[in-house]
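J.: Here you go, one structure.
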Amino acid sequence: MGTQKIQGRLWGKNAIDWAAIQEQTSSEAYRYALQQLQLSSFDQLLDVGCGAGMFCSMAAKTGAQIKGIDASPELINIAQNRVTSGEMLVGDMEELPYANHSFDVVTSLQSFHYAGNMSNAVGEAKRVLKNNGTLVALTWGPKEACDAVSYFNVVTSLLPPDSSGTLDPFGLSEYNRIDNMLKEERFSIENIEDVSAHWIYPDRDIALRGLLSGGTAARAIEHRGYETVAGAVWDTLHAHEKKNGQIVYKNVFRLIIASNK
């Protein structure tokens with residue numbers, strides 16, 4: 001089974017909780033990324049790995065023409081309902097169904113690292129960008145700055161030995177890997193900065209639903225069963241619990257803005 005089909009199946013299992021809970025935890029970083037773009041009604045934007053369409057919904061309010069693509073039909077259905085003026089498609093980020101030089105802006109917000117071949121995904125983003133177009137990539141920041149490492153360590157320890165399609169979420173954070181990929185594709189990097197991206201949940205129950213809604217958790221649940229995975233994640237929540245009952249993971253995302261020169 002190809003990467004797109006694996007991702008689509010896994011991320012579709014808990015699409016409602018992803019859209020309602022987990023995707024919302026990135027809203028702070030998404031808004032910041034959008035502010036850097038200063039979109040207008042003349043811009044055409046493609047969000048690669050658009051998920052349930054939260055960023056597309058934000059971007060649509062600028063008047064820009066929005067398209068999104070994701071591997072999960074369930075997430076795309078939610079995205080299309082959120083962005084009725086846009087075009088949301090099920091597809092593969094390594095084989096984008098768009099003509100060369102179609103978009104003024106391409107965004108990849110925490111999605112490139114899920115590609116079977118990340119270099120191919122970056123190359124496709126470049127292909128569909130107009131000359132002098134802008135690529136915005138959001139990846140995880142340094143592991144030492146992210147509380148979410150503890151969650152990922154637990155979940156990945158419960159994955160089957162062959163876990164293709166559930167790649168390391170921090171795979172683009174280390175050794176300037178994303179920077180080097182962009183340079184190899186002859187992007188001109190305009191700005192790199194770290195932005196706050198705290199996961200905040202009102203209580204343990206909501207936190208558990210959000211944390212189990214992603215594709216990596218879905219793969220672990222398939223392999224070890226819901227009770228085992230949910231129990232392991234539940235046991236880690238106390239370390240992030242505040243006096244008011246909130247669960248807070250303090251994280252950092254890395255924002256990269258590059259031009260297609």
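Chains: A, B, ... in order of the structure tokens. Residues: from 1 per chain. Ligands: from 1, in order shown.
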What's the 8 Å shell around range 175-191 of chain A, counting only C-alpha atoms, without same-chain residues fewer than 2 positions away, as a list in words?
T.: Ser119, Val122, Gly123, Lys126, Gly171, Leu172, Ser173, Glu193, Leu255, Ile256, Ile257, Ala258, Ser259, Asn260 and Lys261 of chain A
J.: Would you put the residues from that selection into a file with N, CA and C atoms, as a PDB file, in the first residue's frame?
T.:
ATOM      1  N   SER A 119      11.914  14.607  -0.224  1.00  0.00           N
ATOM      2  CA  SER A 119      12.497  15.408  -1.302  1.00  0.00           C
ATOM      3  C   SER A 119      11.538  15.513  -2.483  1.00  0.00           C
ATOM      4  N   VAL A 122       8.874  18.110  -1.589  1.00  0.00           N
ATOM      5  CA  VAL A 122       9.393  19.473  -1.728  1.00  0.00           C
ATOM      6  C   VAL A 122       9.518  19.839  -3.207  1.00  0.00           C
ATOM      7  N   GLY A 123       9.968  18.886  -4.021  1.00  0.00           N
ATOM      8  CA  GLY A 123      10.090  19.133  -5.448  1.00  0.00           C
ATOM      9  C   GLY A 123       8.755  19.417  -6.112  1.00  0.00           C
ATOM     10  N   LYS A 126       7.673  22.922  -5.355  1.00  0.00           N
ATOM     11  CA  LYS A 126       8.375  23.878  -6.219  1.00  0.00           C
ATOM     12  C   LYS A 126       7.773  23.890  -7.626  1.00  0.00           C
ATOM     13  N   GLY A 171      11.679  14.498  12.065  1.00  0.00           N
ATOM     14  CA  GLY A 171      12.647  14.151  11.032  1.00  0.00           C
ATOM     15  C   GLY A 171      13.187  15.326  10.247  1.00  0.00           C
ATOM     16  N   LEU A 172      12.422  16.412  10.177  1.00  0.00           N
ATOM     17  CA  LEU A 172      12.882  17.595   9.451  1.00  0.00           C
ATOM     18  C   LEU A 172      13.474  18.649  10.368  1.00  0.00           C
ATOM     19  N   SER A 173      13.488  18.371  11.662  1.00  0.00           N
ATOM     20  CA  SER A 173      13.958  19.365  12.624  1.00  0.00           C
ATOM     21  C   SER A 173      15.460  19.283  12.864  1.00  0.00           C
ATOM     22  N   GLU A 193      12.399  30.989  11.684  1.00  0.00           N
ATOM     23  CA  GLU A 193      12.237  31.365  13.086  1.00  0.00           C
ATOM     24  C   GLU A 193      11.411  30.314  13.814  1.00  0.00           C
ATOM     25  N   LEU A 255       9.279  27.771  11.613  1.00  0.00           N
ATOM     26  CA  LEU A 255       8.646  28.365  10.437  1.00  0.00           C
ATOM     27  C   LEU A 255       9.722  28.746   9.426  1.00  0.00           C
ATOM     28  N   ILE A 256       9.588  28.212   8.218  1.00  0.00           N
ATOM     29  CA  ILE A 256      10.535  28.508   7.149  1.00  0.00           C
ATOM     30  C   ILE A 256       9.778  29.158   5.999  1.00  0.00           C
ATOM     31  N   ILE A 257      10.240  30.305   5.552  1.00  0.00           N
ATOM     32  CA  ILE A 257       9.656  30.992   4.404  1.00  0.00           C
ATOM     33  C   ILE A 257      10.721  31.059   3.317  1.00  0.00           C
ATOM     34  N   ALA A 258      10.369  30.554   2.138  1.00  0.00           N
ATOM     35  CA  ALA A 258      11.331  30.504   1.036  1.00  0.00           C
ATOM     36  C   ALA A 258      10.682  30.977  -0.257  1.00  0.00           C
ATOM     37  N   SER A 259      11.500  31.501  -1.153  1.00  0.00           N
ATOM     38  CA  SER A 259      11.022  31.996  -2.444  1.00  0.00           C
ATOM     39  C   SER A 259      11.485  31.076  -3.566  1.00  0.00           C
ATOM     40  N   ASN A 260      10.637  30.926  -4.559  1.00  0.00           N
ATOM     41  CA  ASN A 260      10.958  30.121  -5.732  1.00  0.00           C
ATOM     42  C   ASN A 260      11.620  31.017  -6.772  1.00  0.00           C
ATOM     43  N   LYS A 261      12.896  31.246  -6.590  1.00  0.00           N
ATOM     44  CA  LYS A 261      13.631  32.164  -7.475  1.00  0.00           C
ATOM     45  C   LYS A 261      13.962  31.506  -8.813  1.00  0.00           C
TER      46      LYS A 261
END
J.: Pick out the residues sitting within 7 Å of Asp194 in chain A, and hand them over as a ChimeraX atom specification; count only C-alpha atoms, and ignore anything fewer than 2 positions along from it in its own chain.
T.: /A:141,196,252-255
J.: For Leu39 in chain A, list every protein, DNA or RNA residue within 7 Å, evaluated using only C-alpha atoms, and leave out those in the same chain fewer than 4 positions away; present the list as an NGL selection string.
T.: :A and (43 or 62 or 64)
J.: Could you save those same residues with N, CA and C atoms as an mmCIF file, in the first residue's frame?
T.:
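Written out: again37.cif:
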data_model
loop_
_atom_site.group_PDB
_atom_site.id
_atom_site.type_symbol
_atom_site.label_atom_id
_atom_site.label_comp_id
_atom_site.auth_asym_id
_atom_site.auth_seq_id
_atom_site.Cartn_x
_atom_site.Cartn_y
_atom_site.Cartn_z
ATOM 1 N N ASP A 43 -4.150 36.410 -4.831
ATOM 2 C CA ASP A 43 -3.266 35.275 -4.586
ATOM 3 C C ASP A 43 -4.004 33.945 -4.689
ATOM 4 N N THR A 62 -9.001 36.063 3.934
ATOM 5 C CA THR A 62 -8.250 37.167 3.327
ATOM 6 C C THR A 62 -8.755 37.493 1.927
ATOM 7 N N ALA A 64 -8.147 35.435 -0.574
ATOM 8 C CA ALA A 64 -7.315 34.667 -1.497
ATOM 9 C C ALA A 64 -8.074 33.442 -2.002
#
J.: Give me the residues near Gly214 in chain A as an MDAnalysis selection string, where near means some atom within 9 Å (using only C-alpha atoms) and where sequence neighbours in that chain fewer than 5 positions away do not count.
T.: chainID A and resid 10:15 17:18 22 219
J.: Can you check which residues of range 22-213 of chain A DSSP gives as strand (DSSP E or B) on the backbone and send them as a compact mmCIF listing (two decimals) with C-alpha atoms, in the first residue's frame?
T.:
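Result written to part.txt:
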# COMPACT_ATOMS: atom_id res chain seq x y z
CA GLN A 44 -3.78 31.58 -5.26
CA LEU A 45 -2.73 29.40 -2.33
CA LEU A 46 -2.32 25.64 -2.06
CA ASP A 47 -2.12 24.00 1.37
CA VAL A 48 -0.37 20.63 1.07
CA GLN A 65 -8.25 31.73 -3.74
CA ILE A 66 -7.68 28.58 -1.69
CA LYS A 67 -7.03 24.97 -2.61
CA GLY A 68 -6.11 22.15 -0.27
CA ILE A 69 -4.98 18.57 -0.71
CA ASP A 70 -4.77 15.75 1.82
CA GLU A 87 -11.37 23.37 -3.69
CA MET A 88 -10.33 20.52 -1.42
CA LEU A 89 -8.99 17.34 -3.03
CA VAL A 90 -7.89 13.90 -1.88
CA ASP A 92 -0.73 12.65 -2.86
CA GLU A 95 2.14 13.72 -7.17
CA PHE A 103 0.16 29.01 -7.25
CA ASP A 104 1.50 32.18 -5.70
CA VAL A 105 1.84 30.46 -2.32
CA VAL A 106 2.27 26.83 -1.26
CA THR A 107 2.06 25.96 2.42
CA SER A 108 3.08 22.73 4.14
CA LEU A 109 2.19 22.95 7.79
CA LEU A 129 4.75 27.36 -7.48
CA LYS A 130 4.93 30.35 -9.79
CA ASN A 131 8.29 31.98 -10.36
CA ASN A 132 8.97 34.19 -7.33
CA GLY A 133 6.20 32.35 -5.48
CA THR A 134 6.42 31.70 -1.75
CA LEU A 135 6.72 28.42 0.12
CA VAL A 136 5.83 28.35 3.81
CA ALA A 137 6.85 25.22 5.71
CA LEU A 138 6.09 24.54 9.35
CA THR A 139 7.96 21.73 11.09
CA TRP A 140 8.68 20.74 14.66
CA SER A 188 15.93 30.98 -1.63
CA ILE A 189 15.33 30.90 2.12
CA GLU A 190 13.98 34.26 3.26
CA ASN A 191 13.36 33.62 6.95
CA ILE A 192 13.60 30.90 9.59
CA GLU A 193 12.24 31.37 13.09
CA ASP A 194 10.81 29.36 15.96
CA VAL A 195 7.25 30.07 17.09
CA SER A 196 5.28 28.93 20.13
CA TRP A 199 -0.97 22.12 22.99
CA ILE A 200 -3.61 23.17 25.53
CA TYR A 201 -6.56 20.98 26.54
J.: Run DSSP on the backbone and grab whatever in range 45-88 of chain A lands in helix (DSSP H, G or I); send it over as a list in words.
T.: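 After running DSSP on the backbone, range 45-88 of chain A has helix (DSSP H, G or I) at Met54, Phe55, Cys56, Ser57, Met58, Ala59, Ala60, Pro73, Glu74, Leu75, Ile76, Asn77, Ile78, Ala79, Gln80, Asn81 and Arg82 of chain A.
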J.: Find the spatial neighbours of Val233 in chain A, counting only C-alpha atoms, within a cut-off of 9 Å - ignore same-chain residues fewer than 3 positions away - and output them as a list in words.
T.: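 After dropping sequence-adjacent residues, the list is Tyr151, Val154, Val155, Leu208, Leu211, Leu212, Thr228, Val229, Ala230, Thr236 and Leu237 of chain A.
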J.: Please save N, CA and C atoms of the selected residues as a PDB file, in the first residue's frame.
T.:
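Dumped to selection_13.pdb:
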ATOM      1  N   TYR A 151       5.106  12.448  24.518  1.00  0.00           N
ATOM      2  CA  TYR A 151       3.945  11.778  23.915  1.00  0.00           C
ATOM      3  C   TYR A 151       4.384  10.915  22.738  1.00  0.00           C
ATOM      4  N   VAL A 154       6.126   7.657  23.676  1.00  0.00           N
ATOM      5  CA  VAL A 154       5.215   6.603  24.128  1.00  0.00           C
ATOM      6  C   VAL A 154       4.517   5.950  22.945  1.00  0.00           C
ATOM      7  N   VAL A 155       3.967   6.764  22.067  1.00  0.00           N
ATOM      8  CA  VAL A 155       3.185   6.221  20.953  1.00  0.00           C
ATOM      9  C   VAL A 155       4.066   5.439  19.982  1.00  0.00           C
ATOM     10  N   LEU A 208      -6.800  13.289  25.932  1.00  0.00           N
ATOM     11  CA  LEU A 208      -6.640  11.923  25.437  1.00  0.00           C
ATOM     12  C   LEU A 208      -7.280  11.768  24.060  1.00  0.00           C
ATOM     13  N   LEU A 211      -5.016  13.548  21.508  1.00  0.00           N
ATOM     14  CA  LEU A 211      -3.731  12.888  21.311  1.00  0.00           C
ATOM     15  C   LEU A 211      -3.857  11.548  20.599  1.00  0.00           C
ATOM     16  N   LEU A 212      -5.025  10.933  20.676  1.00  0.00           N
ATOM     17  CA  LEU A 212      -5.239   9.653  19.995  1.00  0.00           C
ATOM     18  C   LEU A 212      -5.845   9.821  18.608  1.00  0.00           C
ATOM     19  N   THR A 228      -4.480  -0.479  25.426  1.00  0.00           N
ATOM     20  CA  THR A 228      -3.044  -0.383  25.707  1.00  0.00           C
ATOM     21  C   THR A 228      -2.503   1.005  25.378  1.00  0.00           C
ATOM     22  N   VAL A 229      -2.845   1.501  24.200  1.00  0.00           N
ATOM     23  CA  VAL A 229      -2.319   2.799  23.777  1.00  0.00           C
ATOM     24  C   VAL A 229      -2.920   3.922  24.610  1.00  0.00           C
ATOM     25  N   ALA A 230      -4.235   3.877  24.804  1.00  0.00           N
ATOM     26  CA  ALA A 230      -4.888   4.920  25.599  1.00  0.00           C
ATOM     27  C   ALA A 230      -4.356   4.929  27.025  1.00  0.00           C
ATOM     28  N   THR A 236       0.866   9.381  31.018  1.00  0.00           N
ATOM     29  CA  THR A 236       1.845  10.465  30.850  1.00  0.00           C
ATOM     30  C   THR A 236       1.242  11.848  31.089  1.00  0.00           C
ATOM     31  N   LEU A 237      -0.086  11.935  31.151  1.00  0.00           N
ATOM     32  CA  LEU A 237      -0.729  13.249  31.185  1.00  0.00           C
ATOM     33  C   LEU A 237      -0.472  14.014  32.477  1.00  0.00           C
TER      34      LEU A 237
END
J.: Pull the closest atom pair for each residue of range 195-236 of chain A that gets at most 12 Å from range 3-6 of chain A, along with the distance in Å to one decimal, counting only C-alpha atoms, ordering rows by chain and then ascending residue number, as CSV.
T.:
residue,atom,partner,partner_atom,distance
A:Gly215,CA,A:Ile6,CA,9.1
A:Thr216,CA,A:Ile6,CA,10.7
A:Ala218,CA,A:Ile6,CA,10.9
A:Arg219,CA,A:Ile6,CA,9.4
J.: List the neighbours of Phe152 in chain A out to 9 Å using only C-alpha atoms; skip same-chain residues closer than 2 positions along the sequence, and give me the result as a short mmCIF file (atom, residue, chain, number, x, y, z; two decimals) with N, CA and C atoms, in the first residue's frame.
T.:
data_model
loop_
_atom_site.label_atom_id
_atom_site.label_comp_id
_atom_site.auth_asym_id
_atom_site.auth_seq_id
_atom_site.Cartn_x
_atom_site.Cartn_y
_atom_site.Cartn_z
N ALA A 148 6.02 17.72 23.65
CA ALA A 148 5.33 16.65 22.91
C ALA A 148 6.23 15.46 22.64
N VAL A 149 7.53 15.62 22.81
CA VAL A 149 8.45 14.49 22.62
C VAL A 149 8.04 13.33 23.52
N SER A 150 7.62 13.61 24.74
CA SER A 150 7.24 12.54 25.66
C SER A 150 6.05 11.75 25.13
N VAL A 154 6.13 7.66 23.68
CA VAL A 154 5.22 6.60 24.13
C VAL A 154 4.52 5.95 22.95
N VAL A 155 3.97 6.76 22.07
CA VAL A 155 3.18 6.22 20.95
C VAL A 155 4.07 5.44 19.98
N THR A 156 5.23 5.98 19.64
CA THR A 156 6.09 5.27 18.69
C THR A 156 6.63 3.97 19.26
N SER A 157 6.73 3.88 20.59
CA SER A 157 7.17 2.62 21.20
C SER A 157 6.15 1.51 21.04
N ASP A 168 9.07 9.76 11.58
CA ASP A 168 9.47 10.59 12.72
C ASP A 168 8.98 12.02 12.52
N PRO A 169 8.11 12.52 13.41
CA PRO A 169 7.63 13.90 13.25
C PRO A 169 8.74 14.93 13.36
N THR A 216 -0.36 8.55 13.67
CA THR A 216 0.61 7.71 14.37
C THR A 216 -0.06 6.95 15.49
N ALA A 217 -0.92 7.62 16.25
CA ALA A 217 -1.66 6.93 17.31
C ALA A 217 -2.59 5.87 16.73
#
J.: Could you tell me how far CA of Asp147 in chain A lies from CA of Ala239 in chain A, in Å and to one decimal?
T.: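 That distance, rounded to one decimal, is 9.8 Å.
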J.: I need the residue nearest Gly210 in chain A from this list: A:Thr25, A:Ala99, A:Tyr249, A:Gln7. Use only C-alpha atoms for the distance.
T.: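 For Gly210 in chain A, the nearest of the given residues is A:Thr25.
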J.: Select, from A:Ala125, A:Arg224, A:Gln35, A:Asp235, the residue with the minimum atom-to-atom distance to Ser102 in chain A, counting only C-alpha atoms.
T.: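 With only C-alpha atoms as the atom set, the closest residue is A:Ala125.
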J.: Hey, what's within 9 Å of Val83 in chain A if we count only C-alpha atoms and toss same-chain stuff fewer than 5 positions away? As number ranges by chain, please?
T.: A: 53-54, 56-57, 60, 66, 78, 88
J.: For Ala207 in chain A, which residue out of A:Ile16, A:Ala71, A:Ile21, A:Ile76 is the nearest one, using only C-alpha atoms?
T.: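 Counting only C-alpha atoms, the residue closest to Ala207 in chain A is A:Ile21.
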